[in-house]
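S.K.: Below is the file entry-v3.tsv, which contains TSV, N, CA and C atoms.
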```
chain	number	residue	atom	x	y	z
Y	1	MET	N	4.50	5.65	-36.70
Y	1	MET	CA	3.85	4.77	-35.74
Y	1	MET	C	4.64	3.47	-35.70
Y	2	LYS	N	4.92	3.00	-34.52
Y	2	LYS	CA	5.62	1.74	-34.29
Y	2	LYS	C	4.60	0.69	-33.85
Y	3	THR	N	4.88	-0.56	-34.17
Y	3	THR	CA	4.00	-1.63	-33.74
Y	3	THR	C	4.79	-2.66	-32.94
Y	4	ALA	N	4.09	-3.42	-32.14
Y	4	ALA	CA	4.69	-4.48	-31.34
Y	4	ALA	C	3.69	-5.63	-31.28
Y	5	ILE	N	4.19	-6.82	-31.03
Y	5	ILE	CA	3.34	-8.00	-30.91
Y	5	ILE	C	3.29	-8.41	-29.44
Y	6	VAL	N	2.11	-8.73	-28.96
Y	6	VAL	CA	1.94	-9.17	-27.58
Y	6	VAL	C	2.21	-10.68	-27.53
Y	7	SER	N	3.08	-11.11	-26.62
Y	7	SER	CA	3.40	-12.53	-26.48
Y	7	SER	C	2.29	-13.26	-25.75
Y	8	LYS	N	2.41	-14.57	-25.68
Y	8	LYS	CA	1.44	-15.41	-24.97
Y	8	LYS	C	1.33	-14.99	-23.51
Y	9	LYS	N	2.45	-14.54	-22.94
Y	9	LYS	CA	2.49	-14.11	-21.54
Y	9	LYS	C	2.05	-12.65	-21.36
Y	10	GLY	N	1.73	-11.96	-22.43
Y	10	GLY	CA	1.30	-10.56	-22.34
Y	10	GLY	C	2.46	-9.58	-22.43
Y	11	TRP	N	3.65	-10.06	-22.74
Y	11	TRP	CA	4.80	-9.17	-22.86
Y	11	TRP	C	4.74	-8.39	-24.16
Y	12	VAL	N	5.18	-7.14	-24.09
Y	12	VAL	CA	5.27	-6.29	-25.27
Y	12	VAL	C	6.67	-5.70	-25.30
Y	13	VAL	N	7.34	-5.79	-26.44
Y	13	VAL	CA	8.67	-5.21	-26.59
Y	13	VAL	C	8.51	-3.79	-27.12
Y	14	ILE	N	9.04	-2.83	-26.38
Y	14	ILE	CA	9.01	-1.43	-26.83
Y	14	ILE	C	10.10	-1.28	-27.89
Y	15	PRO	N	9.77	-0.79	-29.08
Y	15	PRO	CA	10.78	-0.65	-30.14
Y	15	PRO	C	11.99	0.16	-29.67
Y	16	SER	N	13.18	-0.23	-30.14
Y	16	SER	CA	14.42	0.39	-29.69
Y	16	SER	C	14.45	1.91	-29.90
Y	17	GLU	N	13.88	2.39	-31.01
Y	17	GLU	CA	13.87	3.83	-31.25
Y	17	GLU	C	13.12	4.59	-30.14
Y	18	ILE	N	12.03	4.00	-29.69
Y	18	ILE	CA	11.23	4.62	-28.63
Y	18	ILE	C	11.99	4.53	-27.30
Y	19	ARG	N	12.58	3.36	-27.01
Y	19	ARG	CA	13.36	3.21	-25.77
Y	19	ARG	C	14.51	4.20	-25.73
Y	20	GLU	N	15.19	4.38	-26.84
Y	20	GLU	CA	16.31	5.33	-26.89
Y	20	GLU	C	15.82	6.77	-26.72
Y	21	LYS	N	14.75	7.11	-27.40
Y	21	LYS	CA	14.21	8.48	-27.32
Y	21	LYS	C	13.84	8.85	-25.89
Y	22	TYR	N	13.21	7.91	-25.18
Y	22	TYR	CA	12.73	8.18	-23.82
Y	22	TYR	C	13.66	7.64	-22.74
Y	23	LYS	N	14.84	7.16	-23.17
Y	23	LYS	CA	15.86	6.67	-22.24
Y	23	LYS	C	15.31	5.59	-21.31
Y	24	ILE	N	14.57	4.64	-21.88
Y	24	ILE	CA	14.03	3.52	-21.13
Y	24	ILE	C	15.03	2.37	-21.25
Y	25	ASN	N	15.52	1.92	-20.11
Y	25	ASN	CA	16.53	0.86	-20.07
Y	25	ASN	C	16.02	-0.35	-19.30
Y	26	LYS	N	16.75	-1.45	-19.41
Y	26	LYS	CA	16.41	-2.67	-18.68
Y	26	LYS	C	16.25	-2.35	-17.19
Y	27	GLY	N	15.16	-2.82	-16.61
Y	27	GLY	CA	14.91	-2.63	-15.18
Y	27	GLY	C	14.17	-1.34	-14.85
Y	28	ASP	N	14.03	-0.41	-15.81
Y	28	ASP	CA	13.29	0.83	-15.55
Y	28	ASP	C	11.81	0.52	-15.37
Y	29	MET	N	11.15	1.33	-14.56
Y	29	MET	CA	9.72	1.17	-14.34
Y	29	MET	C	8.94	2.07	-15.29
Y	30	VAL	N	7.78	1.58	-15.73
Y	30	VAL	CA	6.87	2.37	-16.56
Y	30	VAL	C	5.46	2.21	-15.99
Y	31	SER	N	4.63	3.20	-16.23
Y	31	SER	CA	3.22	3.11	-15.87
Y	31	SER	C	2.44	2.74	-17.12
Y	32	ILE	N	1.44	1.90	-16.95
Y	32	ILE	CA	0.53	1.56	-18.03
Y	32	ILE	C	-0.80	2.21	-17.66
Y	33	ILE	N	-1.24	3.17	-18.47
Y	33	ILE	CA	-2.46	3.93	-18.14
Y	33	ILE	C	-3.54	3.59	-19.16
Y	34	ASP	N	-4.73	3.26	-18.65
Y	34	ASP	CA	-5.88	2.92	-19.47
Y	34	ASP	C	-6.79	4.14	-19.58
Y	35	TYR	N	-6.90	4.68	-20.78
Y	35	TYR	CA	-7.75	5.84	-21.02
Y	35	TYR	C	-9.10	5.45	-21.60
Y	36	GLY	N	-9.51	4.21	-21.42
Y	36	GLY	CA	-10.79	3.75	-21.96
Y	36	GLY	C	-10.59	3.04	-23.28
Y	37	ASP	N	-10.38	3.78	-24.36
Y	37	ASP	CA	-10.15	3.16	-25.66
Y	37	ASP	C	-8.71	3.34	-26.13
Y	38	LEU	N	-7.83	3.72	-25.20
Y	38	LEU	CA	-6.44	3.98	-25.52
Y	38	LEU	C	-5.59	3.63	-24.30
Y	39	ILE	N	-4.41	3.03	-24.52
Y	39	ILE	CA	-3.49	2.80	-23.41
Y	39	ILE	C	-2.20	3.54	-23.69
Y	40	ALA	N	-1.51	3.92	-22.62
Y	40	ALA	CA	-0.25	4.65	-22.75
Y	40	ALA	C	0.79	4.03	-21.83
Y	41	ILE	N	2.03	4.04	-22.28
Y	41	ILE	CA	3.16	3.58	-21.47
Y	41	ILE	C	3.96	4.83	-21.10
Y	42	ILE	N	4.03	5.13	-19.81
Y	42	ILE	CA	4.69	6.34	-19.33
Y	42	ILE	C	5.91	5.94	-18.50
Y	43	PRO	N	7.13	6.34	-18.93
Y	43	PRO	CA	8.31	6.00	-18.13
Y	43	PRO	C	8.33	6.78	-16.82
Y	44	TYR	N	8.72	6.10	-15.73
Y	44	TYR	CA	8.92	6.76	-14.44
Y	44	TYR	C	10.20	7.58	-14.53
Y	45	PRO	N	10.25	8.72	-13.88
Y	45	PRO	CA	11.52	9.47	-13.83
Y	45	PRO	C	12.58	8.65	-13.09
Y	46	LYS	N	13.83	8.76	-13.51
Y	46	LYS	CA	14.92	8.03	-12.85
Y	46	LYS	C	15.11	8.54	-11.42
Y	47	ASP	N	15.02	9.85	-11.25
Y	47	ASP	CA	15.18	10.48	-9.94
Y	47	ASP	C	14.02	11.45	-9.75
Y	48	VAL	N	12.98	10.98	-9.07
Y	48	VAL	CA	11.75	11.77	-8.92
Y	48	VAL	C	12.02	13.13	-8.28
Y	49	ILE	N	12.87	13.17	-7.26
Y	49	ILE	CA	13.16	14.43	-6.58
Y	49	ILE	C	13.83	15.41	-7.54
Y	50	LYS	N	14.83	14.94	-8.25
Y	50	LYS	CA	15.55	15.81	-9.18
Y	50	LYS	C	14.64	16.26	-10.32
Y	51	GLU	N	13.83	15.36	-10.85
Y	51	GLU	CA	12.95	15.68	-11.97
Y	51	GLU	C	11.87	16.70	-11.58
Y	52	SER	N	11.42	16.66	-10.32
Y	52	SER	CA	10.33	17.56	-9.91
Y	52	SER	C	10.85	18.86	-9.28
Y	53	ALA	N	12.14	18.97	-9.08
Y	53	ALA	CA	12.70	20.19	-8.47
Y	53	ALA	C	12.37	21.40	-9.34
Y	54	GLY	N	11.81	22.42	-8.70
Y	54	GLY	CA	11.52	23.67	-9.38
Y	54	GLY	C	10.20	23.71	-10.11
Y	55	MET	N	9.43	22.63	-10.07
Y	55	MET	CA	8.18	22.64	-10.84
Y	55	MET	C	7.15	23.63	-10.29
Y	56	PHE	N	7.28	24.01	-9.03
Y	56	PHE	CA	6.36	25.00	-8.45
Y	56	PHE	C	7.07	26.31	-8.15
Y	57	GLU	N	8.22	26.50	-8.76
Y	57	GLU	CA	9.02	27.70	-8.52
Y	57	GLU	C	8.21	28.95	-8.84
Y	58	GLY	N	8.20	29.86	-7.90
Y	58	GLY	CA	7.48	31.12	-8.10
Y	58	GLY	C	5.98	31.01	-7.89
Y	59	LYS	N	5.50	29.83	-7.50
Y	59	LYS	CA	4.06	29.62	-7.30
Y	59	LYS	C	3.82	29.21	-5.86
Y	60	SER	N	2.75	29.70	-5.32
Y	60	SER	CA	2.37	29.30	-3.97
Y	60	SER	C	1.00	28.64	-4.05
Y	61	LEU	N	0.96	27.36	-3.77
Y	61	LEU	CA	-0.31	26.65	-3.80
Y	61	LEU	C	-1.25	27.15	-2.71
Y	62	THR	N	-0.68	27.55	-1.57
Y	62	THR	CA	-1.50	28.08	-0.49
Y	62	THR	C	-2.17	29.37	-0.92
Y	63	LYS	N	-1.42	30.28	-1.53
Y	63	LYS	CA	-2.00	31.54	-2.00
Y	63	LYS	C	-3.08	31.29	-3.05
Y	64	ALA	N	-2.83	30.36	-3.96
Y	64	ALA	CA	-3.81	30.04	-5.00
Y	64	ALA	C	-5.09	29.49	-4.38
Y	65	LEU	N	-4.96	28.65	-3.36
Y	65	LEU	CA	-6.13	28.09	-2.68
Y	65	LEU	C	-6.91	29.18	-1.96
Y	66	ILE	N	-6.21	30.08	-1.29
Y	66	ILE	CA	-6.88	31.19	-0.58
Y	66	ILE	C	-7.62	32.07	-1.57
Y	67	GLU	N	-6.99	32.41	-2.68
Y	67	GLU	CA	-7.63	33.25	-3.70
Y	67	GLU	C	-8.87	32.56	-4.27
Y	68	SER	N	-8.75	31.26	-4.53
Y	68	SER	CA	-9.87	30.50	-5.06
Y	68	SER	C	-11.03	30.50	-4.07
Y	69	ARG	N	-10.71	30.32	-2.80
Y	69	ARG	CA	-11.76	30.31	-1.77
Y	69	ARG	C	-12.42	31.67	-1.64
Y	70	LYS	N	-11.64	32.75	-1.75
Y	70	LYS	CA	-12.20	34.11	-1.70
Y	70	LYS	C	-13.19	34.32	-2.85
Y	71	GLU	N	-12.82	33.82	-4.03
Y	71	GLU	CA	-13.71	33.95	-5.20
Y	71	GLU	C	-15.00	33.17	-4.98
Y	72	GLU	N	-14.90	31.98	-4.39
Y	72	GLU	CA	-16.09	31.17	-4.11
Y	72	GLU	C	-17.02	31.88	-3.14
Y	73	ILE	N	-16.44	32.47	-2.09
Y	73	ILE	CA	-17.22	33.20	-1.09
Y	73	ILE	C	-17.91	34.39	-1.72
Y	74	ALA	N	-17.20	35.11	-2.58
Y	74	ALA	CA	-17.78	36.27	-3.24
Y	74	ALA	C	-18.96	35.86	-4.13
Y	75	LYS	N	-18.87	34.73	-4.79
Y	75	LYS	CA	-19.97	34.26	-5.64
Y	75	LYS	C	-21.18	33.85	-4.82
Y	76	GLU	N	-20.95	33.35	-3.60
Y	76	GLU	CA	-22.03	32.90	-2.73
Y	76	GLU	C	-22.84	34.08	-2.19
Y	77	ARG	N	-22.26	35.24	-2.13
Y	77	ARG	CA	-22.97	36.40	-1.55
Y	77	ARG	C	-23.90	37.03	-2.50
```
Write out the structure in this file as structure tokens.

M.R.:
Amino acid sequence: MKTAIVSKKGWVVIPSEIREKYKINKGDMVSIIDYGDLIAIIPYPKDVIKESAGMFEGKSLTKALIESRKEEIAKER
């Protein structure tokens, strides 16, 4: 577990080991997500298009939606 100190301005320095592991560099964007009693820092992908290429390979969202709707209709009968 790594720790950091929050500055008067609210700045937090991400430890170098974490920045290196996740390839976070000066000027990179990160998301700060509030999970209620936990916060997370999520690095944005450098190239969103390249990073997401192939994530739905072999899957059809339309077919999945149609199948789901057919199941719902069958349950209603």

S.K.: How would you write, as a list in words, the set of residues in segment 10-56 of chain Y that DSSP gives as helix (DSSP H, G or I)?

M.R.: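 Those residues are Ser16, Glu17, Ile18, Arg19, Glu20, Lys21, Val48, Ile49, Lys50, Glu51 and Ser52 of chain Y.
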
S.K.: Extract, using only N, CA and C atoms, all DNA, RNA and protein residues at most 8 Å from Thr3 of chain Y, discarding same-chain residues fewer than 6 positions from it, and format them as a list in words.

M.R.: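 That gives Val13, Ile14 and Pro15 of chain Y.
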
S.K.: From segment 2-76 of chain Y, collect each residue whose DSSP state is strand (DSSP E or B) and return the set as a PDB file with N, CA and C atoms, in the coordinates of the input.

M.R.:
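Output below, filename result_21.pdb:
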```pdb
ATOM      1  N   VAL Y   6       2.110  -8.730 -28.960  1.00  0.00           N
ATOM      2  CA  VAL Y   6       1.940  -9.170 -27.580  1.00  0.00           C
ATOM      3  C   VAL Y   6       2.210 -10.680 -27.530  1.00  0.00           C
ATOM      4  N   VAL Y  12       5.180  -7.140 -24.090  1.00  0.00           N
ATOM      5  CA  VAL Y  12       5.270  -6.290 -25.270  1.00  0.00           C
ATOM      6  C   VAL Y  12       6.670  -5.700 -25.300  1.00  0.00           C
ATOM      7  N   VAL Y  30       7.780   1.580 -15.730  1.00  0.00           N
ATOM      8  CA  VAL Y  30       6.870   2.370 -16.560  1.00  0.00           C
ATOM      9  C   VAL Y  30       5.460   2.210 -15.990  1.00  0.00           C
ATOM     10  N   SER Y  31       4.630   3.200 -16.230  1.00  0.00           N
ATOM     11  CA  SER Y  31       3.220   3.110 -15.870  1.00  0.00           C
ATOM     12  C   SER Y  31       2.440   2.740 -17.120  1.00  0.00           C
ATOM     13  N   ILE Y  32       1.440   1.900 -16.950  1.00  0.00           N
ATOM     14  CA  ILE Y  32       0.530   1.560 -18.030  1.00  0.00           C
ATOM     15  C   ILE Y  32      -0.800   2.210 -17.660  1.00  0.00           C
ATOM     16  N   ILE Y  33      -1.240   3.170 -18.470  1.00  0.00           N
ATOM     17  CA  ILE Y  33      -2.460   3.930 -18.140  1.00  0.00           C
ATOM     18  C   ILE Y  33      -3.540   3.590 -19.160  1.00  0.00           C
ATOM     19  N   ASP Y  34      -4.730   3.260 -18.650  1.00  0.00           N
ATOM     20  CA  ASP Y  34      -5.880   2.920 -19.470  1.00  0.00           C
ATOM     21  C   ASP Y  34      -6.790   4.140 -19.580  1.00  0.00           C
ATOM     22  N   ILE Y  39      -4.410   3.030 -24.520  1.00  0.00           N
ATOM     23  CA  ILE Y  39      -3.490   2.800 -23.410  1.00  0.00           C
ATOM     24  C   ILE Y  39      -2.200   3.540 -23.690  1.00  0.00           C
ATOM     25  N   ALA Y  40      -1.510   3.920 -22.620  1.00  0.00           N
ATOM     26  CA  ALA Y  40      -0.250   4.650 -22.750  1.00  0.00           C
ATOM     27  C   ALA Y  40       0.790   4.030 -21.830  1.00  0.00           C
ATOM     28  N   ILE Y  41       2.030   4.040 -22.280  1.00  0.00           N
ATOM     29  CA  ILE Y  41       3.160   3.580 -21.470  1.00  0.00           C
ATOM     30  C   ILE Y  41       3.960   4.830 -21.100  1.00  0.00           C
ATOM     31  N   ILE Y  42       4.030   5.130 -19.810  1.00  0.00           N
ATOM     32  CA  ILE Y  42       4.690   6.340 -19.330  1.00  0.00           C
ATOM     33  C   ILE Y  42       5.910   5.940 -18.500  1.00  0.00           C
ATOM     34  N   PRO Y  43       7.130   6.340 -18.930  1.00  0.00           N
ATOM     35  CA  PRO Y  43       8.310   6.000 -18.130  1.00  0.00           C
ATOM     36  C   PRO Y  43       8.330   6.780 -16.820  1.00  0.00           C
TER      37      PRO Y  43
END
```

S.K.: Kindly give the distance, in Å, that separates atom CA of Thr62 of chain Y and atom C of Ile42 of chain Y, rounded to a single decimal.

M.R.: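 Answer for the atom CA of Thr62 of chain Y to atom C of Ile42 of chain Y separation: 29.5 Å.
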
S.K.: Need the shell around Ile32 of chain Y: protein/DNA/RNA residues with any atom at most 8 Å away, counting only N, CA and C atoms. Skip same-chain ones fewer than 4 positions apart. Format as a PyMOL selection string?

M.R.: chain Y and resi 39-43

S.K.: How many Å lie between atom C of Lys26 of chain Y and atom N of Met1 of chain Y, rounded to one decimal?

M.R.: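 Computing the Euclidean distance for atom C of Lys26 of chain Y and atom N of Met1 of chain Y yields 24.1 Å.
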
S.K.: Show me, as a ChimeraX atom specification, the residues that have an atom within 5 Å of Tyr44 of chain Y when counting all atoms listed in the file, minus same-chain residues fewer than 2 positions from it.

M.R.: /Y:29-30,42,46

S.K.: Between atom N of Pro45 of chain Y and atom C of Val12 of chain Y, what distance in Å does the model show, to one decimal?

M.R.: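 Atom-to-atom, atom N of Pro45 of chain Y and atom C of Val12 of chain Y are spaced 18.7 Å apart.
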